[in-house]
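Q: Please see the structure below; I have some questions.
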Amino acid sequence: MLVDHMTREHDISVRQGCLAVGLARSTYRYKPKPKDDEDVIQALNDLIDDHPAIGFWQAFYRLRLKGHEWNHKRVYRVYKAMGLSMRRRTKKRLPARVKQQLFQPSAPNEVWSLDFMHDSLWWDGRTFRMLNVVDDFNRQVLRIETDTSLPSERVIRVLEQLKESYGLPGMIRVENGPEFISNKLDAWCKDNKITLAFIQPGKPTQNAYVERLNGTIRRELLNAYVFRTLDDVRERVHIWQQDYNYDRPHQSLGNRPPVHLLP
C-alpha cells in the first residue's frame with residue numbers, strides 16, 4: 001500500500017501519509033474479517049445433492065423456505081465460488097440395491113443370469129457385444145446373442161424367443177446396465193411374473209455364475225480366435241455353445257456337461 005511505502009521510505013507518520021494521499025485512517029487500519037460461509041456451503045451442497053439440476057434462483061428460494069435468511073448476494077457469491085453456476089451433467093441415480101443371496105437352484109428355470117460382454121473385429125475394429133444368458137441350475141448357456149448393438153428391446157426379444165424353447169424363469173439376475181434398468185424390461189418382467197433381481201453396483205460376485213461363464217468365453221473363444229466379421233463370431237459362438245452345453249465337462253457339476261443334469 002502507498003501509505004506503508006511512504007512511512008517506510010520517507011520516515012513519516014501514518015497520519016501524514018494518509019493525509020498526503022487523501023485516505024481516512026480508519027480505512028487504512030481496516031482489516032477485513034474472514035468470511036464464514038461454512039453454513040451456506042453446507043446448505044447448498046445438501047440442496048444440490050437432492051436436486052442436481054436446479055439453478056441459482058431455485059436454490060435461493062428453497063433455502064429461504066427452509067428458514068435461511070442470507071441475502072441473495074451472499075448466496076450467489078458462494079454459489080459462484082463453488083462452481084455451481086456451471087452446467088452439471090446429472091447422473092442417472094440407481095435405486096438402492098439389496099444384496100441378493102447367490103443360491104443354487106434346485107431345478108431348471110428357477111433363476112437365469114444375464115450379462116453383457118464386448119470385443120472388436122480384427123478386420124475393421126468395429127466393436128460387437130454379446131448378451132449371455134445362463135441357467136443357474138446347471139450352468140447351461142441358453143443364448144449368446146451377438147450384434148453391434150443390443151438395446152433393451154433386443155434383450156426382450158431374446159427372452160421371448162427363449163420362452164418358446166425353455167419357458168421362463170421365476171427370477172432373472174442382472175447387473176445395473178442401462179439395458180437392464182429400462183422401464184421396458186421392467187414392464188415385460190412384471191407382465192410375465194418374473195422377479196428382476198439387481199446385484200449391487202460394483203459387486204460382480206453376486207452374479208457369479210454368469211461372471212464365471214464370461215471368463216470362460218473370454219479365454220476359450222474371444223482370445224483364442226481372430227474374427228473378421230459378425231458372421232464369423234456367430235458361427236464360432238454356435239459351435240462353442242454346443243460343445244459347452246453337451247460335451248465340455250464342468251468340475252462344479254461333477255465333471256459332467258450342463259445338459260446331463262437336466263431331469
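By convention here, the chains of the C-alpha cells are called A, B, ... in the order presented, each chain's residues are numbered starting at 1, and ligands are numbered starting at 1 in the order presented.
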To test your reading of the structure, identify every residue in range 24-243 of chain A that backbone DSSP assigns to strand (DSSP E or B), and report it as number ranges by chain.
A: A: 111-120, 127-135, 140-147, 171-174, 195-198
Q: Write the residues of the preceding selection, restricted to N, CA and C atoms, as a short mmCIF file (atom, residue, chain, number, x, y, z; two decimals), in the first residue's frame.
A:
data_model
loop_
_atom_site.label_atom_id
_atom_site.label_comp_id
_atom_site.auth_asym_id
_atom_site.auth_seq_id
_atom_site.Cartn_x
_atom_site.Cartn_y
_atom_site.Cartn_z
N VAL A 111 -33.82 -69.68 -11.82
CA VAL A 111 -33.07 -68.42 -11.93
C VAL A 111 -32.22 -68.45 -13.20
N TRP A 112 -32.35 -67.38 -13.99
CA TRP A 112 -31.44 -67.15 -15.11
C TRP A 112 -30.58 -65.95 -14.77
N SER A 113 -29.34 -65.96 -15.25
CA SER A 113 -28.45 -64.81 -15.09
C SER A 113 -28.10 -64.26 -16.47
N LEU A 114 -28.10 -62.93 -16.59
CA LEU A 114 -27.79 -62.26 -17.84
C LEU A 114 -26.64 -61.29 -17.63
N ASP A 115 -25.81 -61.16 -18.66
CA ASP A 115 -24.74 -60.17 -18.60
C ASP A 115 -24.24 -59.90 -20.01
N PHE A 116 -23.56 -58.77 -20.17
CA PHE A 116 -23.00 -58.37 -21.46
C PHE A 116 -21.48 -58.51 -21.47
N MET A 117 -20.95 -58.79 -22.65
CA MET A 117 -19.51 -58.72 -22.91
C MET A 117 -19.32 -57.93 -24.20
N HIS A 118 -18.10 -57.49 -24.46
CA HIS A 118 -17.84 -56.83 -25.74
C HIS A 118 -16.43 -57.16 -26.20
N ASP A 119 -16.24 -57.07 -27.50
CA ASP A 119 -14.95 -57.28 -28.14
C ASP A 119 -14.98 -56.54 -29.46
N SER A 120 -13.93 -56.67 -30.26
CA SER A 120 -13.89 -55.97 -31.55
C SER A 120 -13.44 -56.91 -32.65
N THR A 127 -16.69 -52.61 -32.80
CA THR A 127 -16.99 -53.27 -31.52
C THR A 127 -18.29 -54.05 -31.65
N PHE A 128 -18.32 -55.24 -31.10
CA PHE A 128 -19.56 -56.00 -31.02
C PHE A 128 -19.81 -56.38 -29.58
N ARG A 129 -21.08 -56.68 -29.29
CA ARG A 129 -21.49 -57.03 -27.94
C ARG A 129 -22.08 -58.43 -27.94
N MET A 130 -22.03 -59.03 -26.76
CA MET A 130 -22.60 -60.36 -26.58
C MET A 130 -23.47 -60.35 -25.34
N LEU A 131 -24.72 -60.79 -25.49
CA LEU A 131 -25.62 -60.97 -24.36
C LEU A 131 -25.61 -62.44 -24.00
N ASN A 132 -25.11 -62.75 -22.81
CA ASN A 132 -25.01 -64.14 -22.36
C ASN A 132 -26.14 -64.45 -21.38
N VAL A 133 -26.84 -65.54 -21.64
CA VAL A 133 -27.94 -65.98 -20.79
C VAL A 133 -27.63 -67.39 -20.30
N VAL A 134 -27.60 -67.58 -18.98
CA VAL A 134 -27.24 -68.88 -18.42
C VAL A 134 -28.28 -69.28 -17.37
N ASP A 135 -28.61 -70.56 -17.35
CA ASP A 135 -29.48 -71.11 -16.31
C ASP A 135 -28.61 -71.46 -15.11
N GLN A 140 -26.21 -74.15 -17.91
CA GLN A 140 -26.43 -74.28 -19.35
C GLN A 140 -26.51 -72.90 -19.99
N VAL A 141 -25.76 -72.73 -21.07
CA VAL A 141 -25.83 -71.47 -21.82
C VAL A 141 -27.06 -71.52 -22.72
N LEU A 142 -28.05 -70.72 -22.38
CA LEU A 142 -29.30 -70.72 -23.13
C LEU A 142 -29.19 -69.88 -24.40
N ARG A 143 -28.39 -68.82 -24.35
CA ARG A 143 -28.27 -67.97 -25.52
C ARG A 143 -27.03 -67.10 -25.41
N ILE A 144 -26.35 -66.91 -26.53
CA ILE A 144 -25.32 -65.89 -26.66
C ILE A 144 -25.72 -65.06 -27.88
N GLU A 145 -26.34 -63.94 -27.63
CA GLU A 145 -26.80 -63.06 -28.71
C GLU A 145 -25.68 -62.08 -29.05
N THR A 146 -25.36 -61.99 -30.34
CA THR A 146 -24.20 -61.19 -30.76
C THR A 146 -24.63 -60.16 -31.80
N ASP A 147 -24.24 -58.92 -31.60
CA ASP A 147 -24.51 -57.86 -32.57
C ASP A 147 -23.73 -56.62 -32.17
N MET A 171 -37.03 -65.95 -11.71
CA MET A 171 -36.19 -64.80 -11.40
C MET A 171 -35.13 -64.64 -12.48
N ILE A 172 -34.80 -63.40 -12.79
CA ILE A 172 -33.69 -63.08 -13.69
C ILE A 172 -32.74 -62.18 -12.92
N ARG A 173 -31.48 -62.60 -12.83
CA ARG A 173 -30.49 -61.82 -12.09
C ARG A 173 -29.64 -61.04 -13.10
N VAL A 174 -29.51 -59.73 -12.87
CA VAL A 174 -28.79 -58.86 -13.81
C VAL A 174 -27.96 -57.85 -13.03
N THR A 195 -39.35 -62.02 -11.31
CA THR A 195 -38.65 -61.10 -10.41
C THR A 195 -37.34 -60.69 -11.05
N LEU A 196 -37.14 -59.39 -11.22
CA LEU A 196 -35.90 -58.87 -11.79
C LEU A 196 -34.99 -58.49 -10.63
N ALA A 197 -33.96 -59.31 -10.39
CA ALA A 197 -33.07 -59.12 -9.24
C ALA A 197 -31.79 -58.43 -9.68
N PHE A 198 -31.52 -57.25 -9.13
CA PHE A 198 -30.32 -56.49 -9.47
C PHE A 198 -29.24 -56.74 -8.43
#
Q: Could you give me, as a list in words, the residues within 10 Å of range 78-83 of chain A, counting only C-alpha atoms and dropping anything in the same chain fewer than 4 positions from it?
A: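 Residues meeting the cut-off are Asp37, Glu38, Val40, Ile41, Leu44, Asn45, Gly55, Phe56, Ala59, Phe60, His72, Lys73, Arg74, Arg87 and Arg88 of chain A.
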Q: Restricting the calculation to only C-alpha atoms: of A:Val14, A:Leu221, A:Val210, A:Leu230, which residue gets closest to Asn138 in chain A?
A: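 Smallest separation from Asn138 in chain A among the options: A:Val210.
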Q: Could you pull out all residues of range 94-157 of chain A with a DSSP call of helix (DSSP H, G or I) and give them as an NGL selection string?
A: :A and (152-157)
Q: Extract, using only C-alpha atoms, all DNA, RNA and protein residues at most 12 Å from Arg236 in chain A, discarding same-chain residues fewer than 6 positions from it, and format them as a PDB file with C-alpha atoms, in the first residue's frame.
A:
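Saved the output as selection13.pdb:
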ATOM      1  CA  ILE A 144     -25.323 -65.888 -26.664  1.00  0.00           C
ATOM      2  CA  THR A 146     -24.204 -61.189 -30.762  1.00  0.00           C
ATOM      3  CA  ILE A 217     -15.892 -67.289 -23.077  1.00  0.00           C
ATOM      4  CA  GLU A 220     -11.688 -70.122 -24.819  1.00  0.00           C
ATOM      5  CA  LEU A 221     -13.400 -68.103 -27.526  1.00  0.00           C
ATOM      6  CA  LEU A 222     -12.678 -64.386 -27.807  1.00  0.00           C
ATOM      7  CA  ALA A 224      -8.484 -67.818 -28.981  1.00  0.00           C
ATOM      8  CA  TYR A 225      -9.796 -66.709 -32.398  1.00  0.00           C
ATOM      9  CA  VAL A 226      -9.470 -63.795 -34.788  1.00  0.00           C
ATOM     10  CA  PHE A 227     -12.845 -62.630 -36.104  1.00  0.00           C
ATOM     11  CA  ARG A 228     -13.201 -60.753 -39.360  1.00  0.00           C
ATOM     12  CA  THR A 229     -16.986 -60.352 -39.456  1.00  0.00           C
ATOM     13  CA  LEU A 230     -20.011 -60.734 -37.220  1.00  0.00           C
ATOM     14  CA  GLN A 242     -22.920 -76.638 -28.409  1.00  0.00           C
ATOM     15  CA  ASP A 243     -19.638 -78.019 -27.105  1.00  0.00           C
TER      16      ASP A 243
END
Q: Excluding Arg62 in chain A and any residue of its chain fewer than 2 positions from it, enumerate the residues within 12 Å of it, using only C-alpha atoms, and give them as a PyMOL selection string.
A: chain A and resi 43-44+46-48+50-51+54-60+64-70+72+75
Q: Given the selection you just returned, output its residues as a file containing C-alpha atoms, formatted as an mmCIF file, in the first residue's frame.
A:
data_model
loop_
_atom_site.group_PDB
_atom_site.id
_atom_site.type_symbol
_atom_site.label_atom_id
_atom_site.label_comp_id
_atom_site.auth_asym_id
_atom_site.auth_seq_id
_atom_site.Cartn_x
_atom_site.Cartn_y
_atom_site.Cartn_z
ATOM 1 C CA ALA A 43 -26.783 -25.874 2.815
ATOM 2 C CA LEU A 44 -26.037 -25.547 -0.905
ATOM 3 C CA ASP A 46 -27.218 -30.632 0.659
ATOM 4 C CA LEU A 47 -29.616 -28.925 -1.736
ATOM 5 C CA ILE A 48 -27.660 -29.781 -4.892
ATOM 6 C CA ASP A 50 -31.008 -33.748 -3.670
ATOM 7 C CA HIS A 51 -31.758 -31.530 -6.692
ATOM 8 C CA ILE A 54 -31.743 -26.684 -10.276
ATOM 9 C CA GLY A 55 -30.353 -23.201 -10.935
ATOM 10 C CA PHE A 56 -29.431 -20.356 -8.594
ATOM 11 C CA TRP A 57 -32.831 -18.799 -8.013
ATOM 12 C CA GLN A 58 -34.452 -22.162 -7.379
ATOM 13 C CA ALA A 59 -31.687 -22.881 -4.878
ATOM 14 C CA PHE A 60 -32.007 -19.444 -3.241
ATOM 15 C CA ARG A 64 -35.444 -19.195 2.094
ATOM 16 C CA LEU A 65 -38.288 -21.670 2.506
ATOM 17 C CA LYS A 66 -36.044 -23.685 4.805
ATOM 18 C CA GLY A 67 -35.706 -20.629 7.052
ATOM 19 C CA HIS A 68 -32.254 -19.337 5.999
ATOM 20 C CA GLU A 69 -32.153 -15.539 5.885
ATOM 21 C CA TRP A 70 -28.947 -14.998 3.886
ATOM 22 C CA HIS A 72 -29.188 -13.299 -2.444
ATOM 23 C CA VAL A 75 -25.686 -16.858 -1.534
#
Q: Counting only C-alpha atoms, figure out which residue out of A:Leu23, A:Tyr30, A:Asp136, A:His10 gets nearest to Glu211 in chain A.
A: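 Distance minimum relative to Glu211 in chain A lands on A:Asp136.
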Q: Please report the interatomic distance between CA of Ser152 in chain A and CA of Asp186 in chain A in Å with one decimal.
A: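 Atom-to-atom, CA of Ser152 in chain A to CA of Asp186 in chain A, that is 10.0 Å.
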Q: Which residue out of A:Gly125, A:Ser85, A:Thr148, A:Gly170 has the minimum interatomic distance to Ala53 in chain A when only C-alpha atoms are used?
A: A:Ser85
Q: Counting only C-alpha atoms, which residue out of A:His5, A:His260, A:Arg139, A:Lys184 sits closest to Pro151 in chain A?
A: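 Distance minimum relative to Pro151 in chain A lands on A:Lys184.
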Q: Would you work out the distance separating CA of Phe137 in chain A from CA of Leu253 in chain A, expressed in Å to one decimal?
A: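 Between CA of Phe137 in chain A and CA of Leu253 in chain A the gap is 10.0 Å.
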